[in-house]
>>> print(open('target.txt').read())   # compact mmCIF, C-alpha atoms
# COMPACT_ATOMS: atom_id res chain seq x y z
CA HIS L 1 0.00 0.00 0.00
CA GLN L 2 2.90 2.37 0.61
CA ARG L 3 4.11 1.96 -2.96
CA LEU L 4 0.62 2.10 -4.50
CA GLY L 5 -0.73 5.03 -2.54
CA SER L 6 -4.43 5.61 -1.91
CA ARG L 7 -5.23 6.31 -5.57
CA GLY L 8 -3.49 3.15 -6.73
CA SER L 9 -5.24 1.06 -4.09
CA ASP L 10 -8.59 2.48 -5.16
CA ARG L 11 -7.89 1.53 -8.78
CA LEU L 12 -7.02 -2.03 -7.82
CA ARG L 13 -10.19 -2.29 -5.72
CA ARG L 14 -12.18 -1.03 -8.72
CA PHE L 15 -10.55 -3.71 -10.86
CA SER L 16 -11.34 -6.36 -8.24
CA ARG L 17 -15.01 -5.31 -8.22
CA TRP L 18 -15.04 -5.38 -12.02
CA LEU L 19 -13.65 -8.93 -11.98
CA GLU L 20 -16.39 -10.07 -9.61
CA GLY L 21 -19.00 -8.90 -12.10
CA GLN L 22 -17.49 -10.83 -15.03
CA PRO L 23 -17.89 -14.46 -16.06
CA ALA L 24 -14.93 -16.53 -14.89
CA PHE L 25 -11.74 -16.18 -16.93
CA ASP L 26 -9.44 -19.12 -17.66
CA PHE L 27 -6.33 -17.11 -18.56
CA VAL L 28 -5.11 -13.56 -17.99
CA VAL L 29 -2.53 -12.35 -20.52
CA ASP L 30 0.31 -9.99 -19.58
CA GLY L 31 -0.05 -7.85 -22.70
CA PRO L 32 3.25 -5.91 -22.55
CA ASN L 33 5.29 -9.05 -21.87
CA VAL L 34 3.74 -10.84 -24.85
CA GLY L 35 3.86 -7.82 -27.14
CA TYR L 36 7.56 -7.18 -26.53
CA ALA L 37 8.68 -10.81 -26.74
CA ASN L 38 11.54 -11.29 -29.25
CA GLN L 39 11.34 -7.60 -30.22
CA ASN L 40 14.56 -6.29 -28.65
CA PHE L 41 16.32 -5.30 -31.87
CA GLU L 42 16.66 -2.24 -34.08
CA GLY L 43 13.27 -1.83 -35.70
CA GLY L 44 11.53 -3.85 -33.00
CA ARG L 45 8.25 -2.59 -31.57
CA PHE L 46 5.31 -3.54 -29.42
CA SER L 47 3.64 -6.26 -31.46
CA PHE L 48 -0.14 -6.29 -31.33
CA ALA L 49 0.01 -9.25 -33.70
CA GLN L 50 1.84 -11.34 -31.09
CA VAL L 51 -0.73 -10.46 -28.44
CA ALA L 52 -3.52 -11.31 -30.87
CA GLU L 53 -1.95 -14.68 -31.64
CA VAL L 54 -1.78 -15.70 -27.97
CA VAL L 55 -5.33 -14.46 -27.28
CA SER L 56 -6.79 -16.09 -30.40
CA MET L 57 -4.99 -19.38 -29.82
CA LEU L 58 -6.40 -19.64 -26.30
CA GLN L 59 -9.87 -18.74 -27.54
CA ARG L 60 -9.69 -21.40 -30.24
CA ALA L 61 -8.92 -23.85 -27.43
CA GLY L 62 -12.21 -22.85 -25.79
CA LYS L 63 -10.65 -20.66 -23.08
CA ARG L 64 -12.03 -17.38 -21.80
CA VAL L 65 -9.26 -14.77 -21.85
CA LEU L 66 -8.64 -11.49 -20.03
CA LEU L 67 -6.04 -9.17 -21.59
CA ILE L 68 -4.27 -6.58 -19.43
CA LEU L 69 -2.74 -3.56 -21.20
CA PRO L 70 -1.55 -0.21 -19.84
CA ALA L 71 -3.73 2.60 -21.17
CA LYS L 72 -0.78 4.05 -23.10
CA TYR L 73 -0.86 1.04 -25.44
CA ALA L 74 -4.44 1.79 -26.43
CA ARG L 75 -3.57 5.21 -27.89
CA ASP L 76 -2.70 6.19 -31.44
CA VAL L 77 0.99 6.52 -30.51
CA VAL L 78 2.44 3.85 -28.21
CA PRO L 79 5.82 3.64 -26.44
CA ASN L 80 8.67 1.58 -27.86
CA HIS L 81 10.65 -0.05 -25.04
CA THR L 82 12.88 -2.15 -27.27
CA SER L 83 16.47 -1.41 -28.26
CA SER L 84 15.13 0.34 -31.36
CA SER L 85 16.24 3.93 -31.85
CA GLN L 86 12.61 4.97 -32.30
CA PRO L 87 11.09 5.94 -28.91
CA ASP L 88 7.46 5.43 -29.95
CA ASP L 89 5.35 4.12 -32.80
CA ARG L 90 2.06 5.09 -34.42
CA ILE L 91 -0.26 2.10 -34.41
CA THR L 92 -1.54 0.77 -37.69
CA ALA L 93 -5.13 0.36 -38.81
CA ALA L 94 -4.79 -3.37 -38.15
CA ASP L 95 -3.59 -2.66 -34.59
CA ARG L 96 -6.56 -0.35 -33.99
CA ALA L 97 -8.93 -3.00 -35.30
CA LEU L 98 -7.49 -5.50 -32.81
CA LEU L 99 -7.94 -3.07 -29.90
CA ASP L 100 -11.52 -2.30 -30.93
CA GLY L 101 -12.27 -6.00 -31.29
CA TRP L 102 -10.88 -6.82 -27.83
CA ARG L 103 -12.97 -4.03 -26.33
CA SER L 104 -16.15 -5.19 -28.04
CA GLU L 105 -15.54 -8.73 -26.79
CA GLY L 106 -15.15 -7.48 -23.24
CA LEU L 107 -11.75 -9.08 -22.76
CA LEU L 108 -9.55 -5.96 -22.62
CA TYR L 109 -8.82 -4.14 -19.36
CA THR L 110 -6.57 -1.08 -19.53
CA THR L 111 -4.67 0.01 -16.44
CA GLY L 112 -4.55 3.61 -15.31
CA PRO L 113 -1.61 5.97 -15.80
CA GLY L 114 1.21 5.53 -13.33
CA MET L 115 0.01 2.05 -12.39
CA TYR L 116 2.19 -1.04 -12.59
CA ASP L 117 0.23 -3.30 -14.93
CA ASP L 118 1.70 -6.46 -13.37
CA TRP L 119 -0.29 -5.81 -10.18
CA TYR L 120 -3.50 -6.29 -12.18
CA TRP L 121 -2.82 -9.69 -13.67
CA MET L 122 -1.27 -10.88 -10.40
CA LEU L 123 -4.39 -9.80 -8.52
CA ALA L 124 -6.61 -11.51 -11.08
CA THR L 125 -5.01 -14.90 -10.35
CA VAL L 126 -6.11 -14.72 -6.71
CA GLY L 127 -9.45 -13.03 -7.27
CA ARG L 128 -12.49 -13.90 -5.25
CA GLY L 129 -15.19 -16.22 -6.53
CA ASP L 130 -14.81 -18.52 -9.51
CA SER L 131 -12.55 -16.21 -11.51
CA GLN L 132 -8.97 -17.16 -10.66
CA PRO L 133 -7.32 -17.38 -14.08
CA VAL L 134 -3.80 -18.54 -14.85
CA ALA L 135 -1.42 -15.79 -15.95
CA VAL L 136 0.38 -16.04 -19.30
CA THR L 137 3.76 -14.31 -19.04
CA ASN L 138 7.49 -14.92 -19.26
CA ASP L 139 8.13 -12.27 -16.59
CA ALA L 140 10.68 -13.67 -14.12
CA MET L 141 9.14 -11.42 -11.42
CA ARG L 142 12.44 -10.93 -9.63
CA ASP L 143 11.27 -7.52 -8.41
CA HIS L 144 7.90 -8.69 -7.06
CA TRP L 145 8.26 -11.50 -4.58
CA ALA L 146 9.97 -9.57 -1.77
CA ASP L 147 7.11 -7.04 -1.64
CA LEU L 148 4.32 -9.63 -1.53
CA LEU L 149 5.07 -12.94 0.14
CA PRO L 150 7.90 -14.96 1.65
CA ALA L 151 10.02 -16.54 -1.10
CA ARG L 152 8.62 -20.07 -0.65
CA ASP L 153 4.99 -18.93 -0.71
CA PHE L 154 5.63 -16.74 -3.74
CA ALA L 155 7.30 -19.66 -5.59
CA ARG L 156 4.30 -21.86 -4.76
CA TRP L 157 1.88 -19.27 -6.17
CA ARG L 158 3.97 -18.81 -9.30
CA ALA L 159 4.28 -22.54 -9.97
CA SER L 160 0.51 -22.99 -9.89
CA LYS L 161 -0.69 -19.68 -11.36
CA VAL L 162 1.85 -18.61 -14.00
CA VAL L 163 2.55 -20.34 -17.32
CA PRO L 164 5.07 -19.38 -20.02
CA PHE L 165 4.51 -18.80 -23.72
CA SER L 166 6.65 -18.99 -26.84
CA PHE L 167 6.42 -18.32 -30.55
CA GLY L 168 7.67 -20.56 -33.30
CA ALA L 169 7.97 -24.27 -33.98
CA ALA L 170 9.02 -25.33 -30.44
CA ALA L 171 6.59 -27.54 -28.57
CA SER L 172 7.15 -25.70 -25.30
CA ALA L 173 8.46 -22.41 -24.00
CA PRO L 174 12.23 -21.83 -24.07
CA ARG L 175 14.13 -23.03 -21.01
CA ASP L 176 15.95 -20.07 -19.62
CA ALA L 177 16.25 -18.24 -16.33
CA ALA L 178 13.81 -15.55 -17.41
CA ALA L 179 10.87 -17.88 -18.02
CA PRO L 180 8.90 -20.04 -15.61
CA PRO L 181 9.63 -23.74 -16.18
CA THR L 182 7.42 -26.16 -17.98
CA HIS L 183 6.56 -29.25 -15.97
CA ALA L 184 6.77 -32.86 -17.06
CA VAL L 185 3.69 -33.63 -14.96
CA ALA L 186 1.59 -30.88 -16.56
CA ASP L 187 -0.99 -31.22 -19.27
CA PRO L 188 0.38 -30.75 -22.80
CA PRO L 189 0.95 -27.10 -23.74
CA ILE L 190 -1.84 -25.40 -25.63
CA ALA L 191 -0.84 -24.89 -29.25
CA ASP L 192 -2.30 -24.94 -32.72
CA PRO L 193 -1.01 -27.16 -35.53
CA PRO L 194 1.06 -25.05 -37.92
CA PRO L 195 -0.99 -23.91 -40.93
CA ALA L 196 0.95 -24.29 -44.16
CA HIS L 197 0.55 -20.62 -45.05
CA GLU L 198 1.42 -19.09 -41.65
CA ALA L 199 4.83 -17.75 -40.72
CA PRO L 200 6.23 -19.96 -37.95
CA SER L 201 7.34 -16.96 -35.88
CA LEU L 202 3.71 -16.18 -35.04
CA ARG L 203 2.64 -19.64 -33.88
CA ALA L 204 2.02 -19.35 -30.17
CA CYS L 205 2.40 -22.05 -27.55
CA VAL L 206 1.22 -21.60 -23.96
CA GLY L 207 2.22 -23.92 -21.13
CA SER L 208 -0.12 -25.58 -18.65
CA PRO L 209 0.08 -25.44 -14.85
CA PRO L 210 1.07 -28.67 -13.13
CA PRO L 211 -1.79 -30.77 -11.68
CA TYR L 212 -0.06 -30.69 -8.30
CA SER L 213 2.71 -28.65 -6.70
CA ALA L 214 6.30 -29.89 -6.91
CA GLU L 215 6.99 -29.83 -3.18
CA ALA L 216 7.16 -32.34 -0.35
CA GLN L 217 3.68 -33.47 0.64
CA LEU L 218 2.05 -36.10 2.84
CA LEU L 219 -0.43 -38.46 1.21
CA ALA L 220 -1.95 -41.59 2.75
CA GLY L 221 0.68 -41.68 5.46
CA ARG L 222 3.63 -41.41 3.07
CA TRP L 223 5.87 -38.47 2.28
CA HIS L 224 6.39 -37.70 -1.41
CA VAL L 225 9.52 -35.65 -2.00
CA PRO L 226 10.36 -34.18 -5.45
CA LEU L 227 13.85 -34.79 -6.81
CA PRO L 228 14.79 -31.90 -9.14
CA ASP L 229 16.72 -32.60 -12.32
CA GLY L 230 19.15 -29.79 -11.55
CA ALA L 231 20.03 -27.50 -8.68
CA PRO L 232 17.40 -26.84 -6.02
CA GLU L 233 15.45 -23.62 -5.92
CA GLY L 234 17.69 -20.64 -5.33
CA GLU L 235 17.21 -17.83 -2.90
CA GLY L 236 15.20 -14.78 -3.84
CA GLY L 237 12.24 -16.60 -5.34
CA GLY L 238 14.19 -18.13 -8.20
CA ALA L 239 12.41 -20.57 -10.48
CA PRO L 240 12.61 -24.18 -9.29
CA GLU L 241 14.06 -26.84 -11.52
CA PRO L 242 11.60 -29.24 -13.17
CA VAL L 243 10.95 -32.41 -11.23
CA GLY L 244 12.30 -35.60 -12.77
CA GLN L 245 11.42 -38.19 -10.09
CA TRP L 246 9.67 -38.40 -6.74
CA LEU L 247 10.98 -40.14 -3.63
CA CYS L 248 8.27 -41.90 -1.63
CA VAL L 249 9.10 -42.31 2.06
CA SER L 250 7.15 -44.20 4.73
CA VAL L 251 7.77 -43.64 8.43
CA VAL L 252 7.00 -46.89 10.25
CA PRO L 253 6.63 -47.30 14.02
CA PRO L 254 9.95 -48.26 15.62
CA PRO L 255 10.25 -51.73 17.13
CA ARG L 256 10.22 -51.95 20.91
CA VAL L 257 13.96 -52.52 21.08
CA ARG L 258 14.59 -49.09 19.67
CA ARG L 259 14.61 -45.96 21.72
CA ALA L 260 11.44 -43.94 21.81
CA GLY L 261 11.34 -41.23 19.18
CA ASP L 262 13.84 -43.01 16.91
CA PRO L 263 11.74 -43.72 13.77
CA GLN L 264 12.60 -46.23 11.11
CA VAL L 265 12.45 -45.00 7.53
CA ALA L 266 11.48 -47.21 4.59
CA VAL L 267 11.60 -46.16 0.94
CA CYS L 268 8.54 -47.11 -1.16
CA ARG L 269 9.12 -49.26 -4.17
>>> encode(input="target.txt", output="structure tokens")
Amino acid sequence: HQRLGSRGSDRLRRFSRWLEGQPAFDFVVDGPNVGYANQNFEGGRFSFAQVAEVVSMLQRAGKRVLLILPAKYARDVVPNHTSSSQPDDRITAADRALLDGWRSEGLLYTTGPGMYDDWYWMLATVGRGDSQPVAVTNDAMRDHWADLLPARDFARWRASKVVPFSFGAAASAPRDAAAPPTHAVADPPIADPPPAHEAPSLRACVGSPPPYSAEAQLLAGRWHVPLPDGAPEGEGGGAPEPVGQWLCVSVVPPPRVRRAGDPQVAVCR
């Protein structure tokens, strides 16, 4: 609240009330993160086409989508935060048609000036009622976790509520430190088959959240402990490594000859 101020808090409350009045969303798309993906080059720009591809692909899969965009990206001239020498760009007629279409469908929410748009899609994932969509973003969120939750709780939220995206022929999002991991236990990523006439750079693929969290848990009297493929989760809310195997451990009552409180451990086969 100190960072948001009273005006910012009021805007987020207004957004929360708006969410409560909407049918449940399945996914919330981080518009700036998708629009700037792979655009950090001379001549790069905010790509409405990339946003449209992710939104349309999810809709074709039968998902209800909420798109979050800062208000400045709904104007005739939008910022250019790539390495391009051009500081802003005038949107095209096709871009304007996309914006108007998203508005008419009721899936576009624009954030107010001076507001951090990430707060909106993060809030949407923990909204009240039935609408708790999964966020689509490759944002590593290194600057968020310390302000919100302890590192472990934040990592748990991110693992269950944030999925990555990619463009191109790959079957899953790229594996790098800046993107949340895909999970071997998750449902297959959502993706369209490549049409013969479509440029491969605009084929979107969105990951799926895992059906259960990759953390130690007790089930039917047995502990199930994930064994990561690589290094364990780092400090500062770093992304955990994908789980390759699980260790199943049973704690059986000690025999009478043992000292009290000295349990015997057996590994499940």
>>> closest_residue(input="target.txt", among="L:Met115, L:Ala220, L:Val136, L:Ala37", to="Leu66 in chain L", atoms="all atoms listed in the file")
L:Val136
>>> closest_residue(input="target.txt", among="L:Tyr109, L:Trp246, L:Phe15, L:Phe165", to="Leu123 in chain L", atoms="only C-alpha atoms")
L:Phe15
>>> atom_distance(input="target.txt", atom1="CA of Ser213 in chain L", atom2="CA of Ser166 in chain L")
22.7 Å
>>> atom_distance(input="target.txt", atom1="CA of His81 in chain L", atom2="CA of Asn40 in chain L")
8.2 Å
>>> residues_around(input="target.txt", residues="Glu42 in chain L", least_positions_apart="5", cutoff="8 Å", atoms="all atoms listed in the file", output="list in words")
Thr82, Ser83, Ser84 and Ser85 of chain L
>>> atom_distance(input="target.txt", atom1="CA of Gln39 in chain L", atom2="CA of Ala93 in chain L")
20.2 Å
>>> residues_near_point(input="target.txt", point="(3.9, 1.4, -28.4)", cutoff="7 Å", atoms="all atoms listed in the file", output="PyMOL selection string")
chain L and resi 45-46+73+77-80+88-89
>>> write_last_selection(input="target.txt", atoms="C-alpha atoms", output="PDB file, in the coordinates of the input")
ATOM      1  CA  ARG L  45       8.250  -2.590 -31.570  1.00  0.00           C
ATOM      2  CA  PHE L  46       5.310  -3.540 -29.420  1.00  0.00           C
ATOM      3  CA  TYR L  73      -0.860   1.040 -25.440  1.00  0.00           C
ATOM      4  CA  VAL L  77       0.990   6.520 -30.510  1.00  0.00           C
ATOM      5  CA  VAL L  78       2.440   3.850 -28.210  1.00  0.00           C
ATOM      6  CA  PRO L  79       5.820   3.640 -26.440  1.00  0.00           C
ATOM      7  CA  ASN L  80       8.670   1.580 -27.860  1.00  0.00           C
ATOM      8  CA  ASP L  88       7.460   5.430 -29.950  1.00  0.00           C
ATOM      9  CA  ASP L  89       5.350   4.120 -32.800  1.00  0.00           C
TER      10      ASP L  89
END
>>> axis_aligned_box(input="target.txt", around="range 119-127 of chain L", padding_each_side="6 Å", output="JSON")
{"center_x": -4.9, "center_y": -10.4, "center_z": -10.2, "size_x": 21.2, "size_y": 21.1, "size_z": 19.0}
>>> closest_residue(input="target.txt", among="L:Glu215, L:Pro133, L:Asp139, L:Leu227", to="Ala24 in chain L", atoms="all atoms listed in the file")
L:Pro133
>>> closest_residue(input="target.txt", among="L:Met141, L:Met57, L:Val251, L:Ala214", to="Trp119 in chain L", atoms="all atoms listed in the file")
L:Met141
